[in-house]
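Chemist: Sharing a structure below in structure tokens format, with a few things to ask.
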Amino acid sequence: RGIRFIETQLPHVQQQVNTLQDDLHQFRQANGVENLASQSQEFAQRANEVTKQGSEVTIQLAEARQRQVQLQQKLSLQPDELIALQILNSEPRYHNLLYQLRSNDQRSPPKLVVCK
């Protein structure tokens with residue numbers, strides 16, 4: 001008798017399960033949570049991209065500020081000084097000597113340097 005009772009109730013219970021699953025599916029579609037796991041993963045990827053872009057923008061901003069300071073310094077020079085600076089900046093020997101002077105300044109007290 002118990003088995004027959006269960007067998008008679010089984011189709012009714014199965015119909016209730018199917019109805020509830022359909023309701024759940026419709027609820028998920030209506031509220032945009034159909035693919036919650038994939039949406040969460042996509043959101044995490046976008047957040048990582050935004051963070052990376054933010055870091056790149058921060059670096060670019062620092063570089064732009066440095067260029068701005070350099071340009072302001074150049075603009076404050078007299079025309080003759082600006083021409084001299086441009087000539088020196090294009091001269092590799094000047095950069096080599098400047099590097100040597102800075103290296104010496106860091107190692108020891110200032111000394112007299114003679115350039116030929």
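Order determines the names: the first chain of the structure tokens is A, the second B, and so forth; residues in each chain are numbered 1 upward, and ligands are numbered 1 upward as they are shown.
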Using DSSP on the backbone coordinates, identify the residues of chain A assigned to helix (DSSP H, G or I); present them as a ChimeraX atom specification.
Modeler: /A:2-31,36-75,79-89,92-107
